[in-house]
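The next block is query_37.tsv, given as TSV, C-alpha atoms.
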```
chain	number	residue	atom	x	y	z
A	454	MET	CA	111.98	46.74	174.81
A	455	THR	CA	114.80	48.15	176.89
A	456	GLN	CA	114.92	46.69	180.35
A	457	TYR	CA	116.04	48.60	183.41
A	458	THR	CA	117.06	47.28	186.76
A	459	LEU	CA	115.60	49.63	189.34
A	460	GLN	CA	118.25	50.77	191.76
A	461	ALA	CA	116.34	53.23	193.89
A	462	HIS	CA	119.18	54.14	196.23
A	463	ARG	CA	122.18	53.44	194.10
A	464	PRO	CA	124.88	54.64	196.51
A	465	SER	CA	123.30	52.54	199.26
A	466	ASN	CA	123.76	49.43	197.22
A	467	ARG	CA	127.46	49.81	197.57
A	468	CYS	CA	128.47	47.39	200.28
A	469	LEU	CA	131.47	49.22	201.56
A	470	TRP	CA	132.34	46.50	204.01
A	471	GLU	CA	133.34	44.22	201.16
A	472	GLY	CA	133.93	46.72	198.39
A	473	ARG	CA	131.47	45.20	196.02
A	474	ARG	CA	129.22	47.35	193.96
A	475	VAL	CA	125.90	46.50	192.50
A	476	ALA	CA	126.16	47.51	188.89
A	477	LEU	CA	123.51	49.50	187.20
A	478	LYS	CA	122.79	47.49	184.12
A	479	VAL	CA	120.74	48.49	181.20
A	480	ALA	CA	120.18	45.74	178.69
A	481	SER	CA	119.72	47.31	175.30
A	482	GLY	CA	118.68	45.48	172.18
A	483	ALA	CA	122.30	45.29	171.07
A	484	GLY	CA	123.32	43.68	174.35
A	485	ASP	CA	125.82	46.43	175.18
A	486	LEU	CA	126.46	47.45	178.77
A	487	GLN	CA	125.28	51.01	179.11
A	488	THR	CA	124.51	53.49	181.82
A	489	CYS	CA	120.99	54.76	182.04
A	490	THR	CA	122.14	57.83	180.13
A	491	GLY	CA	122.87	55.56	177.20
A	492	LYS	CA	126.62	56.18	177.22
A	493	PRO	CA	128.87	53.14	176.89
A	494	ARG	CA	130.70	52.35	180.08
A	495	ASP	CA	133.70	50.22	180.94
A	496	SER	CA	132.01	47.81	183.30
A	497	LYS	CA	135.27	47.14	185.11
A	498	MET	CA	136.18	50.70	186.08
A	499	VAL	CA	135.84	51.85	189.63
A	500	GLU	CA	134.20	55.24	189.72
A	501	TRP	CA	135.58	57.81	192.11
A	502	THR	CA	133.80	61.00	193.07
A	503	ASP	CA	135.84	64.21	193.21
A	504	PHE	CA	135.58	64.12	196.98
A	505	GLU	CA	136.88	60.56	197.17
A	506	ARG	CA	139.79	61.26	194.86
A	507	ALA	CA	140.76	64.43	196.70
A	508	THR	CA	140.41	62.74	200.09
A	509	ILE	CA	142.67	59.81	199.19
A	510	VAL	CA	145.32	62.01	197.61
A	511	ASP	CA	145.19	64.37	200.59
A	512	ILE	CA	145.49	61.65	203.23
A	513	PHE	CA	148.45	59.98	201.56
A	514	SER	CA	150.24	63.22	200.71
A	515	LYS	CA	150.29	64.17	204.38
A	516	MET	CA	151.14	60.68	205.61
A	517	GLN	CA	154.52	59.69	207.00
A	518	TYR	CA	154.85	56.26	205.45
A	519	GLU	CA	157.66	55.24	207.80
A	520	VAL	CA	155.45	55.96	210.82
A	521	VAL	CA	152.05	54.81	209.66
A	522	GLY	CA	153.24	51.66	207.86
A	523	PRO	CA	155.08	50.17	210.84
A	524	ALA	CA	152.26	51.18	213.22
A	525	ALA	CA	149.61	49.52	211.06
A	526	LEU	CA	151.54	46.29	210.53
A	527	ALA	CA	152.51	46.04	214.20
A	528	ARG	CA	148.89	46.62	215.21
A	529	CYS	CA	147.76	43.89	212.84
A	530	LEU	CA	150.29	41.40	214.26
A	531	ILE	CA	149.18	42.28	217.80
A	532	VAL	CA	145.40	42.47	217.36
A	533	TYR	CA	145.23	39.48	215.00
A	534	PRO	CA	148.12	37.30	216.18
A	535	TRP	CA	147.48	34.56	213.64
A	536	THR	CA	148.78	36.94	210.98
A	537	GLN	CA	152.23	36.35	212.46
A	538	ARG	CA	152.30	33.11	210.52
A	539	TYR	CA	153.72	34.97	207.54
A	540	PHE	CA	156.62	36.45	209.44
A	541	GLY	CA	158.36	33.43	210.91
A	542	ASN	CA	161.77	34.83	210.06
A	543	PHE	CA	161.16	38.25	211.59
A	544	GLY	CA	162.70	37.33	214.94
A	545	ASN	CA	161.12	38.39	218.21
A	546	LEU	CA	157.32	38.72	217.96
A	547	TYR	CA	156.62	37.37	221.43
A	548	ASN	CA	154.65	40.29	222.80
A	549	ALA	CA	153.24	43.67	221.82
A	550	ALA	CA	156.36	45.56	222.91
A	551	ALA	CA	158.63	43.25	220.93
A	552	ILE	CA	156.44	43.56	217.82
A	553	SER	CA	156.23	47.35	218.07
A	554	GLY	CA	160.00	47.59	218.42
A	555	ASN	CA	160.91	45.01	215.80
A	556	PRO	CA	162.97	46.63	212.99
A	557	MET	CA	161.93	44.05	210.39
A	558	VAL	CA	158.27	44.77	211.13
A	559	ALA	CA	159.00	48.47	210.75
A	560	LYS	CA	160.79	48.00	207.45
A	561	HIS	CA	158.05	45.80	206.05
A	562	GLY	CA	155.33	48.18	207.21
A	563	THR	CA	156.99	50.95	205.23
A	564	THR	CA	157.27	48.66	202.19
A	565	ILE	CA	153.54	47.95	202.37
A	566	LEU	CA	152.69	51.65	202.45
A	567	HIS	CA	154.88	52.31	199.42
A	568	GLY	CA	152.93	49.54	197.72
A	569	LEU	CA	149.71	51.37	198.56
A	570	ASP	CA	151.22	54.50	197.11
A	571	ARG	CA	151.14	52.82	193.70
A	572	ALA	CA	147.39	52.51	194.00
A	573	VAL	CA	147.08	56.17	195.01
A	574	LYS	CA	149.01	57.18	191.90
A	575	ASN	CA	146.93	54.89	189.66
A	576	MET	CA	143.47	55.19	191.12
A	577	ASP	CA	141.81	54.62	187.77
A	578	ASN	CA	143.66	51.41	187.15
A	579	ILE	CA	144.31	49.72	190.47
A	580	LYS	CA	143.45	46.28	189.18
A	581	ALA	CA	146.12	46.32	186.47
A	582	THR	CA	148.62	48.08	188.72
A	583	TYR	CA	148.34	45.30	191.27
A	584	ALA	CA	148.29	42.31	188.91
A	585	GLU	CA	151.91	41.41	189.63
A	586	LEU	CA	151.58	42.01	193.38
A	587	SER	CA	148.51	39.79	193.42
A	588	VAL	CA	150.41	36.94	191.79
A	589	LEU	CA	153.25	37.48	194.28
A	590	HIS	CA	150.93	37.30	197.30
A	591	SER	CA	149.20	34.23	195.94
A	592	GLU	CA	151.94	32.15	194.34
A	593	LYS	CA	155.00	33.07	196.36
A	594	LEU	CA	153.85	34.42	199.72
A	595	HIS	CA	150.70	32.25	199.99
A	596	VAL	CA	148.85	34.88	202.00
A	597	ASP	CA	145.19	34.13	202.79
A	598	PRO	CA	143.35	37.10	201.22
A	599	ASP	CA	141.28	37.53	204.40
A	600	ASN	CA	144.43	38.98	205.92
A	601	PHE	CA	144.30	41.95	203.56
A	602	LYS	CA	141.05	43.01	205.20
A	603	LEU	CA	142.57	42.69	208.68
A	604	LEU	CA	145.51	44.89	207.75
A	605	SER	CA	143.12	47.37	206.09
A	606	ASP	CA	141.15	47.70	209.31
A	607	CYS	CA	144.31	48.31	211.31
A	608	LEU	CA	145.48	50.91	208.81
A	609	THR	CA	142.08	52.63	209.11
A	610	ILE	CA	142.45	52.75	212.90
A	611	VAL	CA	146.00	54.18	212.68
A	612	VAL	CA	144.93	56.87	210.21
A	613	ALA	CA	141.87	57.64	212.37
A	614	ALA	CA	144.14	58.16	215.37
A	615	GLN	CA	146.35	60.49	213.31
A	616	LEU	CA	143.54	62.59	211.84
A	617	GLY	CA	141.28	62.67	214.90
A	618	LYS	CA	138.20	64.81	214.28
A	619	ASP	CA	139.18	65.26	210.63
A	620	PHE	CA	138.53	61.56	210.07
A	621	THR	CA	134.84	62.17	209.52
A	622	GLY	CA	132.36	59.54	208.39
A	623	GLU	CA	132.66	60.77	204.79
A	624	VAL	CA	136.46	60.62	204.90
A	625	GLN	CA	136.31	57.15	206.45
A	626	ALA	CA	133.93	55.98	203.73
A	627	ALA	CA	136.30	57.19	201.00
A	628	PHE	CA	139.34	55.68	202.71
A	629	GLN	CA	137.64	52.31	203.24
A	630	LYS	CA	136.37	52.26	199.65
A	631	PHE	CA	139.92	52.84	198.43
A	632	LEU	CA	141.28	50.04	200.63
A	633	ALA	CA	138.47	47.73	199.53
A	634	VAL	CA	139.41	48.29	195.88
A	635	VAL	CA	143.06	47.58	196.71
A	636	VAL	CA	142.12	44.42	198.62
A	637	SER	CA	139.97	43.26	195.74
A	638	ALA	CA	142.80	43.84	193.24
A	639	LEU	CA	145.27	41.99	195.46
A	640	GLY	CA	142.98	38.98	195.61
A	641	ARG	CA	142.29	38.99	191.88
A	642	GLN	CA	144.97	36.57	190.71
A	643	TYR	CA	144.32	33.88	193.29
A	644	HIS	CA	143.10	30.59	191.90
B	1293	MET	CA	138.92	33.84	221.77
B	1294	SER	CA	137.35	34.40	225.19
B	1295	LEU	CA	138.30	37.32	227.41
B	1296	ASN	CA	141.19	36.69	229.75
B	1297	SER	CA	141.94	38.72	232.88
B	1298	LYS	CA	144.27	41.02	230.91
B	1299	ASP	CA	141.48	41.84	228.42
B	1300	LYS	CA	138.96	42.53	231.17
B	1301	ALA	CA	141.40	44.83	232.95
B	1302	ALA	CA	142.18	46.68	229.71
B	1303	VAL	CA	138.49	47.10	228.88
B	1304	LYS	CA	137.64	48.41	232.35
B	1305	ALA	CA	140.65	50.74	232.39
B	1306	LEU	CA	139.71	52.58	229.21
B	1307	TRP	CA	135.98	52.37	229.93
B	1308	GLY	CA	136.52	54.73	232.86
B	1309	LYS	CA	137.55	57.41	230.34
B	1310	ILE	CA	134.93	56.39	227.76
B	1311	ALA	CA	132.08	56.60	230.28
B	1312	LYS	CA	132.75	60.32	230.82
B	1313	SER	CA	131.85	61.11	227.20
B	1314	ALA	CA	129.77	58.04	226.47
B	1315	ASP	CA	126.83	59.95	225.00
B	1316	VAL	CA	128.99	61.83	222.51
B	1317	ILE	CA	130.99	58.74	221.58
B	1318	GLY	CA	127.81	56.75	221.03
B	1319	SER	CA	126.25	59.44	218.88
B	1320	GLU	CA	129.41	59.92	216.83
B	1321	ALA	CA	129.99	56.20	216.33
B	1322	LEU	CA	126.40	55.67	215.23
B	1323	SER	CA	126.54	58.68	212.89
B	1324	ARG	CA	129.73	57.30	211.44
B	1325	MET	CA	128.13	53.91	210.86
B	1326	LEU	CA	125.12	55.41	209.06
B	1327	VAL	CA	127.45	57.30	206.71
B	1328	VAL	CA	130.08	54.63	206.07
B	1329	TYR	CA	127.65	51.70	205.90
B	1330	PRO	CA	124.45	53.13	204.38
B	1331	GLN	CA	122.80	49.69	204.40
B	1332	THR	CA	122.46	50.07	208.19
B	1333	LYS	CA	120.00	52.89	207.62
B	1334	THR	CA	117.42	50.24	206.75
B	1335	TYR	CA	116.91	49.66	210.48
B	1336	PHE	CA	116.01	53.26	211.23
B	1337	THR	CA	113.50	54.26	208.59
B	1338	HIS	CA	111.02	54.98	211.38
B	1339	TRP	CA	113.17	57.93	212.53
B	1340	PRO	CA	112.16	61.38	211.26
B	1341	ASP	CA	115.84	62.25	210.87
B	1342	MET	CA	118.75	59.88	210.25
B	1343	SER	CA	121.39	62.53	209.68
B	1344	PRO	CA	124.58	62.50	211.76
B	1345	GLY	CA	124.14	64.30	215.08
B	1346	SER	CA	120.34	64.44	214.86
B	1347	GLU	CA	118.17	63.92	217.94
B	1348	PRO	CA	117.14	60.32	217.18
B	1349	VAL	CA	120.77	59.41	216.44
B	1350	LYS	CA	121.97	61.04	219.68
B	1351	ALA	CA	119.30	59.31	221.72
B	1352	HIS	CA	120.05	55.96	220.18
B	1353	GLY	CA	123.82	56.36	220.58
B	1354	LYS	CA	123.21	56.95	224.29
B	1355	LYS	CA	121.13	53.79	224.45
B	1356	VAL	CA	123.81	51.71	222.75
B	1357	MET	CA	126.54	52.99	225.07
B	1358	GLY	CA	124.26	52.24	228.02
B	1359	GLY	CA	124.07	48.66	226.79
B	1360	LEU	CA	127.85	48.52	226.46
B	1361	GLY	CA	128.23	49.90	229.98
B	1362	LEU	CA	125.99	47.10	231.18
B	1363	ALA	CA	128.19	44.64	229.29
B	1364	VAL	CA	131.31	46.01	231.02
B	1365	SER	CA	129.66	45.50	234.41
B	1366	LYS	CA	128.70	41.94	233.45
B	1367	ILE	CA	131.96	41.17	231.73
B	1368	ASP	CA	132.46	37.98	233.72
B	1369	ASP	CA	129.28	36.43	232.33
B	1370	LEU	CA	128.08	38.26	229.24
B	1371	THR	CA	125.66	35.54	228.14
B	1372	THR	CA	123.63	35.79	231.36
B	1373	GLY	CA	124.13	39.51	231.79
B	1374	LEU	CA	122.92	40.39	228.26
B	1375	MET	CA	120.15	37.76	228.07
B	1376	GLU	CA	117.34	40.34	227.99
B	1377	LEU	CA	119.08	42.44	225.35
B	1378	SER	CA	119.69	39.30	223.34
B	1379	GLU	CA	115.99	38.50	223.39
B	1380	LYS	CA	115.20	42.04	222.32
B	1381	HIS	CA	117.61	41.89	219.38
B	1382	ALA	CA	116.50	38.41	218.41
B	1383	PHE	CA	112.71	38.70	218.56
B	1384	THR	CA	111.91	42.39	218.34
B	1385	LEU	CA	114.70	44.22	216.57
B	1386	ARG	CA	115.94	41.30	214.44
B	1387	VAL	CA	119.17	43.04	213.56
B	1388	ASP	CA	121.27	40.87	211.29
B	1389	PRO	CA	124.27	39.85	213.43
B	1390	SER	CA	126.71	40.95	210.72
B	1391	ASN	CA	125.85	44.49	211.75
B	1392	PHE	CA	127.34	43.97	215.22
B	1393	LYS	CA	130.74	43.76	213.53
B	1394	VAL	CA	130.03	46.89	211.53
B	1395	LEU	CA	129.04	48.95	214.58
B	1396	SER	CA	131.96	47.53	216.58
B	1397	HIS	CA	134.35	48.69	213.87
B	1398	CYS	CA	132.85	52.19	213.93
B	1399	ILE	CA	133.16	52.38	217.72
B	1400	LEU	CA	136.80	51.28	217.48
B	1401	VAL	CA	137.48	53.97	214.87
B	1402	GLU	CA	135.74	56.56	217.07
B	1403	LEU	CA	137.85	55.49	220.06
B	1404	ALA	CA	140.99	55.85	217.92
B	1405	THR	CA	140.04	59.40	216.92
B	1406	ILE	CA	139.20	60.46	220.49
B	1407	PHE	CA	141.89	58.58	222.41
B	1408	PRO	CA	144.82	58.33	219.97
B	1409	LYS	CA	147.36	57.80	222.75
B	1410	GLU	CA	145.35	55.49	225.00
B	1411	PHE	CA	144.01	53.31	222.18
B	1412	THR	CA	147.21	51.32	221.92
B	1413	PRO	CA	147.39	48.04	220.00
B	1414	GLU	CA	146.86	46.18	223.29
B	1415	GLU	CA	143.72	48.18	224.10
B	1416	HIS	CA	142.54	47.70	220.53
B	1417	LEU	CA	143.04	43.94	220.87
B	1418	SER	CA	141.07	43.73	224.13
B	1419	TYR	CA	138.24	45.93	222.85
B	1420	ASP	CA	138.03	43.99	219.59
B	1421	LYS	CA	137.69	40.80	221.63
B	1422	PHE	CA	135.21	42.45	224.02
B	1423	PHE	CA	132.94	43.66	221.22
B	1424	ALA	CA	133.09	40.22	219.60
B	1425	ALA	CA	132.12	38.65	222.93
B	1426	VAL	CA	129.26	41.13	223.34
B	1427	ALA	CA	128.09	40.36	219.79
B	1428	ARG	CA	128.16	36.65	220.58
B	1429	ALA	CA	126.11	37.18	223.73
B	1430	LEU	CA	123.63	39.39	221.83
B	1431	SER	CA	123.26	36.71	219.14
B	1432	GLU	CA	122.63	33.99	221.72
B	1433	LYS	CA	118.84	33.96	221.41
B	1434	TYR	CA	118.66	34.32	217.63
B	1435	ARG	CA	118.13	30.64	216.86
```

I need this file expressed as C-alpha cells, please.
Amino acid sequence: MTQYTLQAHRPSNRCLWEGRRVALKVASGAGDLQTCTGKPRDSKMVEWTDFERATIVDIFSKMQYEVVGPAALARCLIVYPWTQRYFGNFGNLYNAAAISGNPMVAKHGTTILHGLDRAVKNMDNIKATYAELSVLHSEKLHVDPDNFKLLSDCLTIVVAAQLGKDFTGEVQAAFQKFLAVVVSALGRQYH
Amino acid sequence: MSLNSKDKAAVKALWGKIAKSADVIGSEALSRMLVVYPQTKTYFTHWPDMSPGSEPVKAHGKKVMGGLGLAVSKIDDLTTGLMELSEKHAFTLRVDPSNFKVLSHCILVELATIFPKEFTPEEHLSYDKFFAAVARALSEKYR
C-alpha cells in the first residue's frame, strides 16, 4: 500500500528562517522518491516559483553591487563586531566610521556580491555552483558558517532600505529564501 | 551584550520618530512576519482574518508597539519594567522565545524600509541589542 505523509499546509512547513524544507515524500512499492502526482523528482533540487525567480533576478539586475556590497559588509562588521575576526589585515576597523570608510571592506563587499551573482545566474544549481566556494570558506578561510546568516541579515536590511515600500513581505520571503539556499550551499562542504 | 549609554541614547533618539507612526509600523511589521514566517500564524488561528493589513493584525501591531514603547521608557531596568508582560507571555500566551528574534528581524526590516537614512549601522546595532534585551526580559518568567 502506498503511504503518504500528510502535509496539510505544505508552504507553511518551509522554515524560512533556516532555509530547510520539509519534503513531501511518497513511499511507493519500488522505493522511489516521488511527488504525490507520481512524477519522479530530484530530491535535491530547490523549487522556485515564477514569482521568486522573477523577484531575485529583478532585485539583482537593479542592484549596484559596488554600493550594496560594501554597505552590507560594513553593516555586518559594525552590528556583529565579532565578525571582524576574519579581517585582521584590513587595517582600521576601530569604529563605525572607520569601517564604513575602509577601502578594503568596500572592495571585499563588492567581491561578495559578485559571488552572489553566480547564484543568481545558476538558481537551479546553487549547490554545485558553490561547491568550490564552500571548500574555500571551510578549509582556507575557516569561517564559522553562522556568520553567513549574519551577513545575509545585513544584506536584507540594506536591500530593504534601498527598495523601501517595494520590499513587501512577499519580496522579502523570496529574497530570504534565496539567501538561505546560498548559505546552505556555502556550508555544505564543511566537515 | 547589555545596553550601554550610547545604545540607550540611539534607541530613544529614533524612537521619537518611530512613535509618530507606531501603529502603522507595528501593523506592517506584523504583516511582514506572518508572510515571511508562516509558522508564526499558528499563534493567531483565533483571528477571523490573518491577512496583512486586516483589523486584527492592525490592532495587534498597535499592542506590540505599545509594549515596545513601554520597554523604551523602562530601558534602564527591562527585567522589572516588563515583568507583567513576561508573565503574560510565559503563562498565558506561551510564545516560543525563538519567535521574539523573528519579530525583531521583521521590525528591523520595516525600520530600514521606512527610515533608510536614519537607520544607520549604528542605529541598527543599538536596536538589535535593544530587541534582544527586550526578548530576554520577556523570557524571564518562562522557566

- prompt: Any idea which chain A residues end up within 9 Å of chain B if we count all atoms listed in the file, as number ranges by chain please?
  reply: A: 464-470, 524, 527-529, 531-533, 549, 606, 609-627, 629

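Every protein or nucleic acid residue with an atom no more than 8 Å from Lys1354 in chain B, counting only C-alpha atoms and leaving out same-chain residues fewer than 5 positions away, appears here: Ala1314, Asp1315, Val1316, Gly1318 and Ser1319 of chain B.
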
List every residue of range 549-610 of chain A that has an atom at most 12 Å from any atom of range 499-512 of chain A, giving for each one its closest atom pair and the distance in Å to one decimal, counting all atoms listed in the file, sorted by chain and then by ascending residue number, as CSV.
```
residue,atom,partner,partner_atom,distance
A:Leu569,CA,A:Ile509,CA,11.0
A:Asp570,CA,A:Val510,CA,9.6
A:Arg571,CA,A:Val510,CA,11.6
A:Ala572,CA,A:Ile509,CA,10.1
A:Val573,CA,A:Val510,CA,6.6
A:Lys574,CA,A:Val510,CA,8.3
A:Asn575,CA,A:Val510,CA,10.8
A:Met576,CA,A:Arg506,CA,8.0
A:Asp577,CA,A:Val499,CA,6.8
A:Asn578,CA,A:Val499,CA,8.2
A:Ile579,CA,A:Val499,CA,8.8
A:Lys580,CA,A:Val499,CA,9.4
A:Thr609,CA,A:Ile512,CA,11.3
```

Based on the selection just made, write C-alpha atoms of those residues as a CSV table (one decimal), keeping the file's coordinate frame.
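Generated file (out-v6.csv):
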```csv
chain,number,residue,atom,x,y,z
A,569,LEU,CA,149.7,51.4,198.6
A,570,ASP,CA,151.2,54.5,197.1
A,571,ARG,CA,151.1,52.8,193.7
A,572,ALA,CA,147.4,52.5,194.0
A,573,VAL,CA,147.1,56.2,195.0
A,574,LYS,CA,149.0,57.2,191.9
A,575,ASN,CA,146.9,54.9,189.7
A,576,MET,CA,143.5,55.2,191.1
A,577,ASP,CA,141.8,54.6,187.8
A,578,ASN,CA,143.7,51.4,187.2
A,579,ILE,CA,144.3,49.7,190.5
A,580,LYS,CA,143.4,46.3,189.2
A,609,THR,CA,142.1,52.6,209.1
```

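In terms of minimum interatomic distance to His561 in chain A, A:Val521 ranks closest within A:Val521, A:Val634, A:Val596, A:Ala581, counting only C-alpha atoms.
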
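Atom to atom, CA of Pro1389 in chain B and CA of Gly1308 in chain B stand 27.4 Å apart.
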
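Nearest to Glu585 in chain A of all the residues A:Tyr518, A:Tyr547, A:Phe631, A:Tyr643 is A:Tyr643, based on only C-alpha atoms.
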
message: Show me, as a VMD selection string, the residues that have an atom within 12 Å of Arg1386 in chain B when counting all atoms listed in the file, minus same-chain residues fewer than 6 positions from it.
response: chain B and resid 1334 to 1335 1377 to 1380 1392 1430 to 1431 1433 to 1435

- prompt: Near His595 in chain A, counting all atoms listed in the file, which residues have an atom at most 9 Å away, once you skip same-chain residues fewer than 5 positions from it, shown as a PyMOL selection string?
  reply: chain A and resi 539+589-590

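Closest approach to Leu639 in chain A among A:Ala525, A:Ala584, A:Leu566, A:Leu546: A:Ala584, based on only C-alpha atoms.
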
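The closest residue to Phe1336 in chain B, picked from B:Val1356, B:Leu1306, B:Val1387, B:Leu1362 and counting only C-alpha atoms, is B:Val1387.
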